[in-house]
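Coordinates as given in run-v7.txt (compact mmCIF, C-alpha atoms):
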# COMPACT_ATOMS: atom_id res chain seq x y z
CA MET O 1 -3.31 -49.12 52.66
CA GLU O 2 -2.04 -47.12 55.62
CA HIS O 3 1.21 -49.04 55.48
CA GLN O 4 1.53 -48.20 51.77
CA ASN O 5 0.99 -44.46 52.41
CA HIS O 6 3.53 -44.59 55.20
CA GLN O 7 5.99 -46.30 52.84
CA THR O 8 5.40 -43.63 50.15
CA GLU O 9 6.01 -40.83 52.61
CA ASN O 10 9.08 -42.61 53.84
CA ASP O 11 10.44 -42.92 50.30
CA GLU O 12 9.76 -39.25 49.64
CA GLU O 13 11.59 -38.28 52.80
CA ARG O 14 14.52 -40.46 51.81
CA LEU O 15 14.62 -38.91 48.38
CA ILE O 16 14.52 -35.38 49.84
CA ALA O 17 17.34 -36.37 52.20
CA LEU O 18 19.30 -37.69 49.24
CA PHE O 19 18.82 -34.42 47.35
CA GLY O 20 19.90 -32.52 50.47
CA ALA O 21 23.02 -34.66 50.74
CA TYR O 22 23.67 -34.09 47.05
CA ARG O 23 23.52 -30.34 47.64
CA ASP O 24 26.09 -30.67 50.43
CA THR O 25 28.44 -32.73 48.25
CA CYS O 26 28.49 -30.01 45.58
CA PRO O 27 29.33 -26.69 47.23
CA ASP O 28 29.87 -23.61 45.04
CA PRO O 29 33.37 -24.13 43.59
CA GLU O 30 36.09 -21.49 43.46
CA PRO O 31 36.56 -20.50 39.82
CA SER O 32 40.01 -21.19 38.44
CA ALA O 33 42.43 -18.36 37.63
CA ASN O 34 41.86 -19.04 33.93
CA PHE O 35 38.12 -18.56 34.09
CA MET O 36 38.00 -14.88 33.12
CA PRO O 37 40.81 -14.90 30.51
CA GLN O 38 39.27 -17.96 28.82
CA LEU O 39 35.84 -16.37 28.88
CA TRP O 40 37.12 -13.21 27.18
CA GLN O 41 39.02 -15.33 24.64
CA LYS O 42 35.80 -17.15 23.80
CA ILE O 43 33.88 -13.87 23.53
CA GLU O 44 36.50 -12.39 21.21
CA ALA O 45 36.63 -15.57 19.10
CA ARG O 46 32.86 -15.53 18.67
CA GLU O 47 32.88 -11.83 17.86
CA ARG O 48 35.56 -12.41 15.22
CA ALA O 49 33.61 -15.33 13.80
CA SER O 50 30.42 -13.28 13.67
CA THR O 51 32.32 -10.37 12.04
CA VAL O 52 33.75 -12.69 9.38
CA LEU O 53 30.35 -14.30 8.87
CA GLY O 54 28.70 -10.89 8.70
CA ARG O 55 31.23 -9.68 6.13
CA LEU O 56 30.76 -12.89 4.15
CA ALA O 57 26.98 -12.50 4.29
CA ARG O 58 27.25 -8.86 3.13
CA ASN O 59 29.50 -9.91 0.24
CA VAL O 60 27.13 -12.68 -0.76
CA VAL O 61 24.19 -10.27 -0.67
CA THR O 62 26.11 -7.70 -2.79
CA ALA O 63 27.15 -10.36 -5.30
CA THR O 64 23.60 -11.72 -5.49
CA LEU O 65 22.21 -8.23 -6.08
CA ALA O 66 24.77 -7.55 -8.81
CA LEU O 67 24.07 -10.89 -10.47
CA SER O 68 20.32 -10.35 -10.36
CA SER O 69 20.73 -6.86 -11.86
CA ILE O 70 22.84 -8.31 -14.68
CA LEU O 71 20.32 -11.08 -15.26
CA ALA O 72 17.43 -8.61 -15.22
CA LEU O 73 19.25 -6.42 -17.74
CA ALA O 74 20.00 -9.40 -19.98
CA VAL O 75 16.41 -10.57 -19.86
CA SER O 76 15.05 -7.11 -20.66
CA ILE O 77 17.47 -6.77 -23.63
CA SER O 78 16.48 -10.15 -25.01
CA TYR O 79 12.79 -9.22 -24.65
CA SER O 80 13.32 -5.96 -26.51
CA ARG O 81 15.07 -7.88 -29.31
CA MET O 82 12.26 -10.37 -29.51
CA GLU O 83 9.81 -7.50 -29.99
CA THR O 84 11.61 -6.47 -33.26
CA LEU O 85 11.45 -9.99 -34.65
CA PRO O 86 8.50 -10.84 -36.92
CA SER O 87 5.71 -12.68 -35.28
CA GLU O 88 4.91 -14.71 -38.44
CA THR O 89 6.27 -18.13 -39.11
CA TYR O 90 9.07 -18.75 -41.60
CA VAL O 91 6.64 -20.07 -44.25
CA GLU O 92 4.38 -17.05 -43.86
CA VAL O 93 7.32 -14.70 -44.31
CA LEU O 94 8.42 -16.57 -47.45
CA ALA O 95 4.92 -16.46 -48.90
CA GLU O 96 4.74 -12.76 -48.26
CA GLN O 97 8.12 -12.12 -49.96
CA HIS O 98 7.10 -14.06 -53.06
CA ALA O 99 3.60 -12.74 -53.27
CA GLY O 100 4.23 -11.51 -56.92
CA GLU O 101 5.11 -14.93 -58.20
CA ASN O 102 1.68 -16.35 -57.89
CA LEU O 103 1.83 -20.01 -58.75
CA ASP O 104 -1.84 -20.06 -59.75
CA TYR O 105 -0.90 -18.64 -63.20
CA PHE O 106 1.22 -21.60 -64.05
CA GLU O 107 -0.57 -23.96 -66.35
CA PRO O 108 0.03 -27.64 -66.50
CA VAL O 109 2.78 -28.56 -68.88
CA HIS O 110 1.57 -30.33 -72.02
CA ILE O 111 4.10 -32.65 -73.47
CA GLU O 112 3.34 -33.41 -77.05
CA PRO O 113 4.27 -36.84 -78.28
CA ILE O 114 7.13 -36.90 -80.78
CA ALA O 115 5.79 -37.63 -84.25
CA ASP O 116 6.93 -40.77 -85.91
CA HIS O 117 8.82 -39.67 -89.12
CA ARG O 118 9.33 -43.06 -90.42
CA MET S 1 20.58 -9.12 43.79
CA LEU S 2 24.34 -9.32 44.02
CA VAL S 3 24.88 -6.14 41.98
CA GLU S 4 23.32 -2.72 41.45
CA PHE S 5 20.85 -2.25 38.60
CA GLU S 6 23.10 0.49 37.31
CA LEU S 7 25.90 -2.03 36.67
CA ILE S 8 23.53 -4.24 34.68
CA LYS S 9 22.37 -1.24 32.64
CA ARG S 10 25.98 -0.29 31.88
CA ALA S 11 26.81 -3.87 30.86
CA ARG S 12 23.71 -3.93 28.68
CA GLY S 13 24.93 -0.75 27.02
CA GLY S 14 28.14 -2.51 25.94
CA ASP S 15 30.44 -1.51 28.82
CA GLY S 16 33.03 -4.34 28.95
CA ALA S 17 34.27 -3.42 32.42
CA ALA S 18 30.73 -3.52 33.80
CA PHE S 19 30.19 -6.92 32.20
CA ASN S 20 33.43 -8.13 33.78
CA GLN S 21 32.21 -7.01 37.21
CA LEU S 22 28.90 -8.73 36.61
CA VAL S 23 30.63 -12.03 35.84
CA LEU S 24 32.90 -11.69 38.86
CA ALA S 25 29.88 -11.16 41.10
CA TYR S 26 27.84 -14.10 39.81
CA ARG S 27 30.32 -16.69 38.58
CA LYS S 28 30.73 -18.59 41.85
CA ARG S 29 27.00 -18.94 42.37
CA ILE S 30 26.41 -19.92 38.75
CA LEU S 31 29.25 -22.45 38.77
CA GLY S 32 27.78 -24.00 41.92
CA THR S 33 24.35 -24.28 40.34
CA ILE S 34 25.80 -25.76 37.16
CA GLY S 35 27.84 -28.27 39.18
CA ARG S 36 24.70 -29.51 40.89
CA LEU S 37 22.61 -29.47 37.72
CA ILE S 38 25.03 -31.45 35.57
CA GLY S 39 26.77 -33.49 38.27
CA HIS S 40 30.15 -33.50 36.52
CA PRO S 41 32.64 -31.17 38.24
CA GLU S 42 35.20 -31.54 35.44
CA ASP S 43 32.90 -29.76 32.95
CA VAL S 44 31.53 -27.05 35.24
CA GLU S 45 33.82 -24.22 34.09
CA ASP S 46 33.19 -24.91 30.42
CA VAL S 47 29.43 -24.80 30.88
CA GLY S 48 29.79 -21.72 33.11
CA GLN S 49 31.75 -19.90 30.42
CA GLU S 50 29.07 -20.85 27.91
CA VAL S 51 26.44 -19.26 30.21
CA PHE S 52 28.34 -15.97 30.44
CA LEU S 53 29.11 -16.08 26.73
CA ARG S 54 25.39 -16.34 26.00
CA LEU S 55 24.76 -13.59 28.51
CA TYR S 56 27.26 -11.31 26.76
CA PHE S 57 25.59 -11.76 23.38
CA SER S 58 22.02 -11.54 24.64
CA LEU S 59 22.25 -8.76 27.23
CA ASP S 60 20.83 -6.24 24.77
CA GLN S 61 17.61 -8.30 24.68
CA LEU S 62 17.11 -7.99 28.44
CA ARG S 63 13.90 -6.00 29.01
CA SER S 64 14.92 -4.49 32.33
CA ALA S 65 17.64 -4.83 34.95
CA GLU S 66 15.04 -6.11 37.46
CA VAL S 67 14.64 -9.40 35.59
CA PHE S 68 18.37 -10.00 35.30
CA GLU S 69 18.60 -12.87 37.79
CA PRO S 70 15.75 -14.99 36.35
CA TRP S 71 17.28 -14.27 32.93
CA LEU S 72 20.69 -15.52 34.10
CA TYR S 73 19.11 -18.61 35.67
CA ARG S 74 17.28 -19.28 32.44
CA LEU S 75 20.55 -19.14 30.51
CA THR S 76 22.11 -21.43 33.13
CA ALA S 77 19.27 -23.93 32.91
CA ASN S 78 19.44 -23.90 29.10
CA ALA S 79 23.21 -24.40 29.03
CA ALA S 80 22.94 -27.25 31.55
CA TYR S 81 20.15 -28.79 29.50
CA ASP S 82 22.23 -28.59 26.30
CA TYR S 83 25.21 -30.15 28.08
CA LEU S 84 23.12 -33.01 29.50
CA ARG S 85 21.52 -33.69 26.14
CA LYS S 86 24.92 -33.91 24.43
CA ARG S 87 26.28 -36.06 27.22
CA ARG S 88 23.34 -38.43 27.11
CA ARG S 89 23.92 -38.87 23.42
CA ARG S 90 27.54 -39.77 24.19
CA MET S 91 26.87 -42.36 26.84
CA GLU S 92 23.59 -43.91 27.74
CA SER S 93 23.47 -44.33 31.47
CA ARG S 94 20.46 -46.24 32.71
CA MET S 95 18.65 -46.55 35.98
CA ALA S 96 19.29 -50.30 35.90
CA ASP S 97 22.99 -49.50 36.21
CA LEU S 98 22.59 -48.33 39.81
CA SER S 99 25.13 -50.44 41.60
CA GLU S 100 24.41 -52.24 44.83
CA GLN S 101 26.82 -49.93 46.58
CA GLN S 102 25.04 -46.83 45.27
CA VAL S 103 21.75 -48.13 46.59
CA LEU S 104 23.29 -48.77 50.00
CA VAL S 105 24.75 -45.26 50.00
CA ALA S 106 21.29 -43.83 49.21
CA ASP S 107 19.85 -45.79 52.12
CA ALA S 108 22.64 -44.75 54.45
CA ILE S 109 22.13 -41.09 53.56
CA ALA S 110 18.49 -41.35 54.50
CA GLY S 111 19.54 -42.82 57.84
CA GLU S 112 22.37 -40.26 58.12
CA LYS S 113 24.82 -43.05 58.79
CA VAL S 114 27.58 -41.77 56.59
CA ASN S 115 30.53 -39.72 57.55
CA ARG S 116 31.09 -38.28 54.10
CA ASP S 117 34.54 -38.53 52.67
CA GLU S 118 35.34 -37.72 49.07
CA GLY S 119 34.62 -41.28 47.91
CA GLN S 120 31.17 -41.20 49.44
CA ARG S 121 30.47 -37.76 48.06
CA LYS S 122 31.31 -39.10 44.63
CA GLN S 123 29.03 -42.04 45.30
CA ILE S 124 26.16 -39.71 46.26
CA ARG S 125 26.66 -37.68 43.09
CA GLU S 126 26.67 -40.85 40.99
CA THR S 127 23.58 -42.18 42.76
CA VAL S 128 21.60 -39.00 42.13
CA ASP S 129 22.90 -38.92 38.58
CA SER S 130 21.70 -42.49 37.99
CA LEU S 131 18.33 -41.83 39.62
CA LEU S 132 17.81 -38.87 37.34
CA ALA S 133 18.80 -40.80 34.23
CA ASP S 134 15.20 -41.85 33.63
CA VAL S 135 13.76 -38.34 33.49
CA SER S 136 14.20 -36.05 30.50
CA GLU S 137 16.98 -33.47 30.61
CA ASP S 138 14.60 -30.55 31.02
CA ASP S 139 12.70 -32.30 33.83
CA ARG S 140 16.00 -33.09 35.49
CA VAL S 141 17.02 -29.43 35.38
CA LEU S 142 13.62 -28.33 36.68
CA LEU S 143 13.68 -30.88 39.50
CA MET S 144 17.19 -29.89 40.53
CA LEU S 145 16.36 -26.19 40.52
CA LYS S 146 13.41 -26.90 42.81
CA GLU S 147 14.70 -29.65 45.09
CA VAL S 148 18.42 -28.97 45.22
CA GLU S 149 18.73 -25.26 44.49
CA GLY S 150 15.63 -24.58 46.55
CA LEU S 151 14.01 -22.12 44.11
CA SER S 152 10.36 -21.33 44.77
CA LEU S 153 7.59 -21.98 42.26
CA LYS S 154 7.30 -18.22 41.79
CA GLU S 155 10.98 -17.94 40.90
CA LEU S 156 10.74 -20.95 38.59
CA GLY S 157 7.70 -19.38 36.93
CA LYS S 158 9.79 -16.30 36.12
CA ILE S 159 12.61 -18.44 34.73
CA TYR S 160 10.43 -20.70 32.60
CA HIS S 161 7.73 -18.13 31.71
CA VAL S 162 4.95 -20.57 32.64
CA ASN S 163 2.31 -20.47 35.36
CA GLU S 164 2.81 -22.14 38.69
CA ASN S 165 0.14 -24.80 38.15
CA ALA S 166 1.80 -26.07 35.00
CA LEU S 167 5.10 -26.21 36.88
CA LYS S 168 3.49 -28.10 39.76
CA VAL S 169 2.18 -30.75 37.37
CA ARG S 170 5.56 -31.13 35.66
CA LEU S 171 7.39 -31.31 38.96
CA PHE S 172 4.97 -33.86 40.36
CA ARG S 173 5.39 -36.13 37.35
CA ALA S 174 9.17 -35.83 37.37
CA ARG S 175 9.30 -36.50 41.12
CA GLN S 176 7.09 -39.57 40.72
CA ARG S 177 9.38 -40.94 38.04
CA VAL S 178 12.43 -40.48 40.24
CA LEU S 179 10.61 -42.00 43.21
CA LYS S 180 9.68 -45.02 41.13
CA ALA S 181 13.32 -45.46 40.12
CA PHE S 182 14.36 -44.98 43.75
CA ARG S 183 11.94 -47.68 44.95
CA SER S 184 12.80 -50.17 42.26
CA ALA S 185 16.51 -49.67 42.95
CA ARG S 186 16.02 -50.27 46.67
CA LYS S 187 14.05 -53.51 46.29
CA PRO S 188 16.92 -55.73 45.10
CA ALA S 189 19.22 -54.01 47.59
CA ALA S 190 16.89 -54.92 50.44
CA GLY S 191 16.85 -58.51 49.23
CA PHE S 192 20.63 -58.48 48.93
CA SER S 193 21.27 -57.08 52.39
CA GLY S 194 18.59 -59.31 53.87
CA SER S 195 20.35 -62.44 52.66
CA HIS S 196 23.53 -61.57 54.56

Please lay out the structure from this file as structure tokens.
Amino acid sequence: MEHQNHQTENDEERLIALFGAYRDTCPDPEPSANFMPQLWQKIEARERASTVLGRLARNVVTATLALSSILALAVSISYSRMETLPSETYVEVLAEQHAGENLDYFEPVHIEPIADHR
Amino acid sequence: MLVEFELIKRARGGDGAAFNQLVLAYRKRILGTIGRLIGHPEDVEDVGQEVFLRLYFSLDQLRSAEVFEPWLYRLTANAAYDYLRKRRRRMESRMADLSEQQVLVADAIAGEKVNRDEGQRKQIRETVDSLLADVSEDDRVLLMLKEVEGLSLKELGKIYHVNENALKVRLFRARQRVLKAFRSARKPAAGFSGSH
């Protein structure tokens, strides 16, 4: 048990030493001469991209608003037209128009047999 | 602090020259931290530029100049994490890939037997990189900030916005995972060296 604890501590120490050595192998590097110009190029490129995207987004929003206004207008016009249309069915309208020609007055047709003249 | 609060306030207000000065003051330190966090010197400048790019576009969200450094470290940790995640997706490096030579280097370091030339430095970097392959990218970054960068729990708490106890638990677990990998990598090496 004691040996195991000792081994664990030993491993931890070795690992810490390895991390320490790793730190020494990677000192802070000197930035290259291109670091700042490239950084500003990237910043400008992203700003341009975001400007273009922003403009595109604004255009899309404007177009969507215009389209929805047109659609809303079209829908409201069609509703107002529907209000002027009769609510009755086609048959009901026909019946109403021909109310004077009441079919109840028609009597059944009597066909008299033709007399035999022979 | 490497700069005056006034400079940070000016940069936050959109002063390009102040931002430039800010980058000039911190870039070396940040590049060093990134180099140790990601372990790939060839990509350090790219990740560093990404950090300062994010800083440029998020400076207006900084609450006060006093919290600038934890804020910058947070951006650094996030950029390193994003890089590591992308890199892991590109090539899956596994703990089992620790070469015999890497294990011997790790042992030699512990015994301080090495006179480090560039080859051995590379070997140390690769060894640590392989050891950390089994922990998640965010645990790797946390572990490196603590063990390699030497940040205190208080400083880490400010960077991660979590309490120190939660950080202790996370660090303990991550360290145990690395230790396990370290032990299992040394076992076959011991057998190997013992047979010769």

Seminar exercise, completed: Min atom-atom distance to chain O from the set S:Glu50, S:Glu155, S:Glu4, S:Glu137, counting only C-alpha atoms, belongs to S:Glu50

Using all atoms listed in the file, which protein or nucleic acid residues come within 12 Å of segment 9-19 of chain S? Drop anything in the same chain fewer than 2 positions from it, and give the result as a compact mmCIF listing (two decimals) with C-alpha atoms, in the frame of the given file.
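For reference, out32.txt as written:
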# COMPACT_ATOMS: atom_id res chain seq x y z
CA MET O 36 38.00 -14.88 33.12
CA LEU O 39 35.84 -16.37 28.88
CA TRP O 40 37.12 -13.21 27.18
CA ILE O 43 33.88 -13.87 23.53
CA GLU O 44 36.50 -12.39 21.21
CA VAL S 3 24.88 -6.14 41.98
CA GLU S 4 23.32 -2.72 41.45
CA PHE S 5 20.85 -2.25 38.60
CA GLU S 6 23.10 0.49 37.31
CA LEU S 7 25.90 -2.03 36.67
CA GLN S 21 32.21 -7.01 37.21
CA LEU S 22 28.90 -8.73 36.61
CA VAL S 23 30.63 -12.03 35.84
CA LEU S 24 32.90 -11.69 38.86
CA ALA S 25 29.88 -11.16 41.10
CA TYR S 26 27.84 -14.10 39.81
CA ARG S 27 30.32 -16.69 38.58
CA PHE S 52 28.34 -15.97 30.44
CA LEU S 53 29.11 -16.08 26.73
CA LEU S 55 24.76 -13.59 28.51
CA TYR S 56 27.26 -11.31 26.76
CA PHE S 57 25.59 -11.76 23.38
CA SER S 58 22.02 -11.54 24.64
CA LEU S 59 22.25 -8.76 27.23
CA ASP S 60 20.83 -6.24 24.77
CA GLN S 61 17.61 -8.30 24.68
CA LEU S 62 17.11 -7.99 28.44
CA ARG S 63 13.90 -6.00 29.01
CA SER S 64 14.92 -4.49 32.33
CA ALA S 65 17.64 -4.83 34.95
CA GLU S 66 15.04 -6.11 37.46
CA VAL S 67 14.64 -9.40 35.59
CA PHE S 68 18.37 -10.00 35.30

Problem set entry | Distance filter 10 Å, only C-alpha atoms, chain O against chain S, as a ChimeraX atom specification | /O:7-8,10-32,34-36,38-40,42-44,46-47

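Atom pair atom CA of Lys154 of chain S / atom CA of Leu2 of chain S has a distance of 19.4 Å (rounded to one decimal).
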
Problem set entry | Atom pair atom CA of Ile8 of chain S / atom CA of Gly157 of chain S: separation (Å) | 22.0 Å
